[in-house]
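To keep things clear, I will list the structure first and then write my remarks on it.
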Amino acid sequence: MKKTRRSFLKGLSAGVICLSLGQLGFDLKEAQAFAGAIKIEGAKEVISVCPFCSVCCQVIAYVRDGALVSTEGDPDFPVSEGALCAKGAALFSMYSSHHRLQKPLYRAPYSDRWEEKDWDWTLNQIARKVKNARDKNIILKDEKGRTVNRLENIFMMGTSHASNEECAVIHQAMRGLGVVHMDHQARV
Amino acid sequence: MGSSAALARPDTGRTVTQSIADVIARRPVLAPVLQAFEPLLAAQSELVEELADVLFAAGLALPKAQGDQEAPRLEGRALIGAAAPLRSSAERLLPLLEGLQALQVHMPALKAFFLRPVAMEAPASEEASRDSRELLAEAIVAGNQEALARIAVDNKLEPLILDFAAGFILSPVLRAMTAQIERIDGEAPWDAGEARQQGRCPVCGALPSIAFLDKPVVDEKNAFLAGGGGKKHLHCGLCGADWKFRRGACPSCGEEGTGVIEILRESGASHGERLDWCTKCKSYCPTLDLRECEFTPNLEAATLGMMHLDMVAARKDLRPLKAAFWNIF
């Protein structure tokens with residue numbers, strides 16, 4: 001362990017700047033074997049946003065191998081300082097709960113059961129019904145003859161599960177159809 | 001809101017002895033190292049309060065912040081008056097350091113250096129006539145290893161031995177200075193407002209030895225509005241200061257953003273112990289999530305007790321933020 005000033009400074013340049021437990025005479029074989037045997041798991045901390053309401057509280061998402069493993073409030077977010085409401089606290093279950101729908105389900109008129117449908121069928125069905133409703137009910141002009149292109153028979157209820165960007169796209173689509181009645185789950 | 005972090009500060013938790021007993025109960029394999037250092041850590045902790053009067057008599061006080069709150073208080077400051085408290089600290093700690101076999105042969109030189117009488121006359125302004133213990137303290141605070149090596153050679157000491165012993169002896173003195181900090185609503189001045197941008201200690205400028213995530217604060221009137229806990233605080237192992245820091249940022253390289261910080265922890269019951277490491281510069285800091293701890297441990301004991309994770313980090317070629325005897329293998 002003899003160190004001269006020269007060798008000390010040489011050690012500095014190599015990044016070794018202090019005594020180690022080994023140099024102090026400790027036998028670390030057992031501790032090293034212990035450290036080698038324990039199972040270690042890692043995760044990436046990703047700052048994200050809770051999608052449930054317009055407060056948009058920041059959350060820290062823990063991601064392992066591309067999969068979400070847990071979420072918590074971000075204490076550096078000045079509005080909530082890491083606190084989350086009941087919905088935000090349950091954010092992880094939105095991703096992981098076995099109760100969430102993973103495929104479109106359809107219940108035909110007067111039927112008492114749900115049946116699985118693929119996305120193509122589902123989207124076509126929605127598009128067809130929207131178009132039928134619009135073709136039938138669009139109000140092109142008001143009583144004074146002014147062009148309004150208003151559709152009062154479709155109501156759009158936004159979801160907290162949609163991001164701000166998704167909400168913006170949905171909003172524009174509804175406006176394009178002439179829908180005037182819109183609201184959002186987080187507001188009601 | 002500002003007091004939430006202050007309430008969560010881990011300064012009223014377990015003693016060194018209790019904290020080490022907790023770790024040994026979980027990881028008996030670390031007992032030889034932890035038991036060897038327990039008397040030293042306990043004495044350091046006790047010295048902080050005992051040195052308050054010595055500091056006062058020596059006229060050694062923590063300087064006020066000068067405009068820039070980001071600059072460490074002791075940066076570029078002469079530690080005039082530090083010789084007496086350093087001597088008091090050495091009187092208590094050198095007999096305990098003597099218990100480490102590797103230091104026994106160096107003890108006469110260490111005692112000659114640290115325990116010689118302190119000159120009573122007013123310190124001269126010229127560096128050549130200043131007490132070399134004060135110069136040593138300034139070299140350690142400034143991270144000036146060359147000056148430390150020069151002092152070691154001048155006093156017939158090996159630089160690594162002096163560095164090791166001086167770290168133990170200086171720490172209670174600096175912690176006693178940090179304890180003088182004026183708190184507002186229980187919060188240190190550098191924690192007011194937004195989180196500190198620098199990873200270095202606001203008192204001595206050292207990099208942190210450990211971080212902790214604080215516990216949630218329950219506010220019955222606003223149960224869901226604020227205080228979810230998990231705020232990151234960095235802790236300086238040299239002067240004992242704590243300061244808030246951003247969760248997604250690296251204290252070493254300053255990189256910040258999504259995916260910059262990754263964690264490593266033992267699978268299963270990790271007791272809140274983990275390593276936060278930077279994917280950009282590959283440095284890591286042991287971190288204790290107090291939300292998962294039944295008791296708040298002594299942070300110095302907890303740092304040593306997380307040595308097994310330092311070993312894991314070394315195998316992954318990660319670099320400790322603050323190199324110390326327990327994390328260099």
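Just remember, in the structure tokens the first chain shown is A, the second B, etc., residues are 1-based per chain, and ligands are 1-based in the order shown.
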
Please report as a ChimeraX atom specification which residues of chain B come no farther than 8 Å from chain A, using only C-alpha atoms. /B:29-30,33,100-103,145-146,149-150,152-153,158-161,163-164,224-231,246-248,257-267,308-309,311-312,323-329

Store the residues picked out above in a file with C-alpha atoms, as an mmCIF file, in the first residue's frame.
```cif
data_model
loop_
_atom_site.group_PDB
_atom_site.id
_atom_site.type_symbol
_atom_site.label_atom_id
_atom_site.label_comp_id
_atom_site.auth_asym_id
_atom_site.auth_seq_id
_atom_site.Cartn_x
_atom_site.Cartn_y
_atom_site.Cartn_z
ATOM 1 C CA VAL B 29 -22.477 -10.857 4.976
ATOM 2 C CA LEU B 30 -21.651 -7.141 5.338
ATOM 3 C CA VAL B 33 -17.178 -4.100 7.387
ATOM 4 C CA LEU B 100 -8.166 -0.384 11.463
ATOM 5 C CA GLN B 101 -5.119 -2.584 11.138
ATOM 6 C CA ALA B 102 -3.859 -0.921 7.967
ATOM 7 C CA LEU B 103 -3.645 2.452 9.723
ATOM 8 C CA GLN B 145 -5.477 16.428 -4.501
ATOM 9 C CA GLU B 146 -2.111 17.860 -5.437
ATOM 10 C CA ALA B 149 -0.340 15.175 -1.558
ATOM 11 C CA ARG B 150 2.106 18.008 -0.872
ATOM 12 C CA ALA B 152 1.147 14.597 3.156
ATOM 13 C CA VAL B 153 4.727 14.419 1.918
ATOM 14 C CA GLU B 158 1.276 8.733 2.597
ATOM 15 C CA PRO B 159 -1.269 10.763 0.575
ATOM 16 C CA LEU B 160 -3.874 7.993 0.485
ATOM 17 C CA ILE B 161 -3.633 7.494 4.245
ATOM 18 C CA ASP B 163 -6.815 11.522 2.494
ATOM 19 C CA PHE B 164 -8.645 8.653 4.193
ATOM 20 C CA PHE B 224 -55.036 15.023 -3.245
ATOM 21 C CA LEU B 225 -53.577 18.380 -4.108
ATOM 22 C CA ALA B 226 -49.910 18.217 -3.135
ATOM 23 C CA GLY B 227 -47.219 16.364 -1.307
ATOM 24 C CA GLY B 228 -47.129 12.943 -2.917
ATOM 25 C CA GLY B 229 -43.579 12.403 -1.735
ATOM 26 C CA GLY B 230 -40.786 10.962 -3.840
ATOM 27 C CA LYS B 231 -38.974 14.288 -4.138
ATOM 28 C CA ARG B 246 -34.680 16.951 -10.178
ATOM 29 C CA ARG B 247 -35.639 13.298 -10.530
ATOM 30 C CA GLY B 248 -34.908 13.084 -14.242
ATOM 31 C CA GLY B 257 -34.797 14.206 -19.900
ATOM 32 C CA THR B 258 -36.742 11.071 -20.561
ATOM 33 C CA GLY B 259 -34.715 7.932 -20.101
ATOM 34 C CA VAL B 260 -31.579 9.675 -18.826
ATOM 35 C CA ILE B 261 -31.863 8.092 -15.383
ATOM 36 C CA GLU B 262 -32.295 4.379 -14.938
ATOM 37 C CA ILE B 263 -32.555 2.488 -11.694
ATOM 38 C CA LEU B 264 -31.103 -0.785 -10.483
ATOM 39 C CA ARG B 265 -32.528 -2.558 -7.473
ATOM 40 C CA GLU B 266 -32.628 -5.955 -5.903
ATOM 41 C CA SER B 267 -35.653 -7.965 -7.039
ATOM 42 C CA HIS B 308 -23.519 -4.687 -2.207
ATOM 43 C CA LEU B 309 -25.151 -2.469 -4.837
ATOM 44 C CA MET B 311 -20.359 -4.082 -6.151
ATOM 45 C CA VAL B 312 -23.177 -4.710 -8.632
ATOM 46 C CA ALA B 323 -15.533 7.750 -4.969
ATOM 47 C CA ALA B 324 -15.032 6.438 -1.430
ATOM 48 C CA PHE B 325 -13.367 3.541 0.306
ATOM 49 C CA TRP B 326 -16.560 1.446 0.204
ATOM 50 C CA ASN B 327 -17.235 1.779 -3.514
ATOM 51 C CA ILE B 328 -13.770 1.321 -5.060
ATOM 52 C CA PHE B 329 -12.962 -2.345 -5.689
#
```

Could you pull out the alpha helix (DSSP H) residues of region 120-273 of chain B, going by DSSP on the backbone, and write them as a ChimeraX atom specification? /B:132-142,145-154,159-178

Mind dumping the selected residues with N, CA and C atoms as a compact mmCIF listing (two decimals), in the first residue's frame?
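Result file selection_7.txt:
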```txt
# COMPACT_ATOMS: atom_id res chain seq x y z
N SER B 132 -1.19 23.94 8.81
CA SER B 132 -1.34 23.03 7.66
C SER B 132 -2.62 22.20 7.76
N ARG B 133 -3.21 22.08 8.96
CA ARG B 133 -4.49 21.38 9.07
C ARG B 133 -5.59 22.17 8.35
N GLU B 134 -5.50 23.49 8.48
CA GLU B 134 -6.49 24.32 7.76
C GLU B 134 -6.28 24.24 6.26
N LEU B 135 -5.01 24.22 5.85
CA LEU B 135 -4.72 24.12 4.42
C LEU B 135 -5.19 22.77 3.88
N LEU B 136 -5.04 21.74 4.72
CA LEU B 136 -5.52 20.40 4.32
C LEU B 136 -7.03 20.42 4.13
N ALA B 137 -7.73 21.03 5.10
CA ALA B 137 -9.20 21.12 5.01
C ALA B 137 -9.61 21.85 3.73
N GLU B 138 -8.92 22.95 3.45
CA GLU B 138 -9.24 23.71 2.23
C GLU B 138 -8.96 22.88 0.97
N ALA B 139 -7.86 22.10 1.01
CA ALA B 139 -7.52 21.26 -0.16
C ALA B 139 -8.61 20.21 -0.39
N ILE B 140 -9.12 19.63 0.69
CA ILE B 140 -10.17 18.60 0.55
C ILE B 140 -11.45 19.24 0.02
N VAL B 141 -11.82 20.39 0.58
CA VAL B 141 -13.05 21.05 0.11
C VAL B 141 -12.92 21.45 -1.36
N ALA B 142 -11.73 21.89 -1.74
CA ALA B 142 -11.53 22.32 -3.13
C ALA B 142 -11.29 21.14 -4.07
N GLN B 145 -6.23 17.59 -4.95
CA GLN B 145 -5.48 16.43 -4.50
C GLN B 145 -3.97 16.69 -4.52
N GLU B 146 -3.55 17.58 -5.38
CA GLU B 146 -2.11 17.86 -5.44
C GLU B 146 -1.66 18.56 -4.15
N ALA B 147 -2.47 19.52 -3.69
CA ALA B 147 -2.14 20.20 -2.43
C ALA B 147 -2.16 19.21 -1.27
N LEU B 148 -3.14 18.30 -1.30
CA LEU B 148 -3.22 17.28 -0.25
C LEU B 148 -1.97 16.41 -0.26
N ALA B 149 -1.53 16.02 -1.45
CA ALA B 149 -0.34 15.17 -1.56
C ALA B 149 0.89 15.91 -1.04
N ARG B 150 0.96 17.21 -1.32
CA ARG B 150 2.11 18.01 -0.87
C ARG B 150 2.14 18.08 0.65
N ILE B 151 0.98 18.31 1.25
CA ILE B 151 0.91 18.37 2.72
C ILE B 151 1.29 17.02 3.32
N ALA B 152 0.83 15.94 2.66
CA ALA B 152 1.15 14.60 3.16
C ALA B 152 2.65 14.36 3.15
N VAL B 153 3.28 14.66 2.03
CA VAL B 153 4.73 14.42 1.92
C VAL B 153 5.49 15.29 2.92
N ASP B 154 5.07 16.54 3.06
CA ASP B 154 5.74 17.45 4.02
C ASP B 154 5.64 16.93 5.45
N PRO B 159 -0.08 9.99 0.98
CA PRO B 159 -1.27 10.76 0.58
C PRO B 159 -2.58 10.01 0.74
N LEU B 160 -2.61 8.74 0.37
CA LEU B 160 -3.87 7.99 0.49
C LEU B 160 -4.30 7.84 1.94
N ILE B 161 -3.32 7.65 2.82
CA ILE B 161 -3.63 7.49 4.24
C ILE B 161 -4.16 8.82 4.80
N LEU B 162 -3.48 9.91 4.45
CA LEU B 162 -3.92 11.22 4.94
C LEU B 162 -5.31 11.54 4.39
N ASP B 163 -5.51 11.26 3.13
CA ASP B 163 -6.81 11.52 2.49
C ASP B 163 -7.92 10.75 3.23
N PHE B 164 -7.65 9.50 3.51
CA PHE B 164 -8.64 8.65 4.19
C PHE B 164 -8.95 9.18 5.61
N ALA B 165 -7.89 9.40 6.38
CA ALA B 165 -8.08 9.83 7.78
C ALA B 165 -8.69 11.24 7.84
N ALA B 166 -8.20 12.12 6.97
CA ALA B 166 -8.67 13.51 7.00
C ALA B 166 -10.15 13.59 6.62
N GLY B 167 -10.58 12.71 5.73
CA GLY B 167 -12.00 12.70 5.35
C GLY B 167 -12.87 12.44 6.57
N PHE B 168 -12.47 11.49 7.39
CA PHE B 168 -13.23 11.19 8.61
C PHE B 168 -13.18 12.36 9.59
N ILE B 169 -11.99 12.94 9.74
CA ILE B 169 -11.79 13.97 10.78
C ILE B 169 -12.43 15.31 10.39
N LEU B 170 -12.36 15.64 9.11
CA LEU B 170 -12.91 16.92 8.66
C LEU B 170 -14.44 16.91 8.63
N SER B 171 -15.01 15.75 8.33
CA SER B 171 -16.45 15.69 8.11
C SER B 171 -17.27 16.25 9.29
N PRO B 172 -17.01 15.84 10.54
CA PRO B 172 -17.83 16.40 11.64
C PRO B 172 -17.69 17.93 11.77
N VAL B 173 -16.51 18.44 11.43
CA VAL B 173 -16.30 19.89 11.52
C VAL B 173 -17.19 20.60 10.49
N LEU B 174 -17.17 20.08 9.27
CA LEU B 174 -18.00 20.69 8.23
C LEU B 174 -19.49 20.49 8.52
N ARG B 175 -19.81 19.33 9.07
CA ARG B 175 -21.23 19.10 9.39
C ARG B 175 -21.70 20.06 10.49
N ALA B 176 -20.80 20.36 11.44
CA ALA B 176 -21.15 21.33 12.48
C ALA B 176 -21.34 22.71 11.88
N MET B 177 -20.57 23.02 10.84
CA MET B 177 -20.76 24.31 10.15
C MET B 177 -22.09 24.31 9.40
N THR B 178 -22.38 23.20 8.73
CA THR B 178 -23.64 23.11 7.98
C THR B 178 -24.84 23.23 8.92
```

Write out as a list of chain:residue names the residues lying within 12 Å of region 121-133 of chain A, counting only C-alpha atoms and excluding same-chain residues fewer than 6 positions away.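 My reading of the contact set: A:Lys103, A:Pro104, A:Leu105, A:Tyr106, A:Arg107, A:Ala108, A:Glu115, A:Ile139, A:Leu151, A:Glu152, A:Asn153, A:Ile154, A:Phe155, A:Met156, A:Ala173, A:Met174, A:Leu177, A:Gly178, A:Val179.
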
Excluding same-chain residues fewer than 3 positions from Cys167 (chain A), what lies within 12 Å of it counting only C-alpha atoms, as a compact mmCIF listing (two decimals) with C-alpha atoms, in the first residue's frame?
```
# COMPACT_ATOMS: atom_id res chain seq x y z
CA PRO A 51 -54.16 11.42 -19.47
CA PHE A 52 -57.19 11.52 -17.19
CA CYS A 53 -57.96 15.23 -17.11
CA SER A 54 -56.90 18.63 -18.30
CA MET A 156 -69.44 13.63 -28.95
CA MET A 157 -68.31 12.64 -25.46
CA GLY A 158 -64.53 12.89 -25.15
CA THR A 159 -62.54 10.51 -23.02
CA SER A 160 -59.85 11.15 -20.46
CA HIS A 161 -57.97 8.26 -21.97
CA ALA A 162 -57.29 10.32 -25.07
CA SER A 163 -54.25 12.55 -25.06
CA ASN A 164 -54.46 16.28 -25.75
CA ILE A 170 -61.24 14.24 -32.64
CA HIS A 171 -62.48 17.79 -32.15
CA GLN A 172 -61.53 18.79 -35.70
CA ALA A 173 -63.18 15.66 -37.10
CA MET A 174 -66.41 16.42 -35.26
CA MET A 182 -69.41 18.06 -27.49
CA ASP A 183 -68.21 17.56 -23.97
CA HIS A 184 -65.55 15.68 -22.09
CA GLN A 185 -65.64 13.02 -19.44
```

Between B:Cys285, B:Phe114, B:Gln197, B:Ala61, single out the one closest to Glu256 (chain B), counting only C-alpha atoms.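 Ranking B:Cys285, B:Phe114, B:Gln197, B:Ala61 by distance to Glu256 (chain B), first place goes to B:Gln197.
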
Coordinates-based distance that separates CA of His233 (chain B) from CA of Phe212 (chain B) (Å, one decimal):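 If I compute the distance from CA of Phe212 (chain B) to CA of His233 (chain B), I get 5.4 Å.
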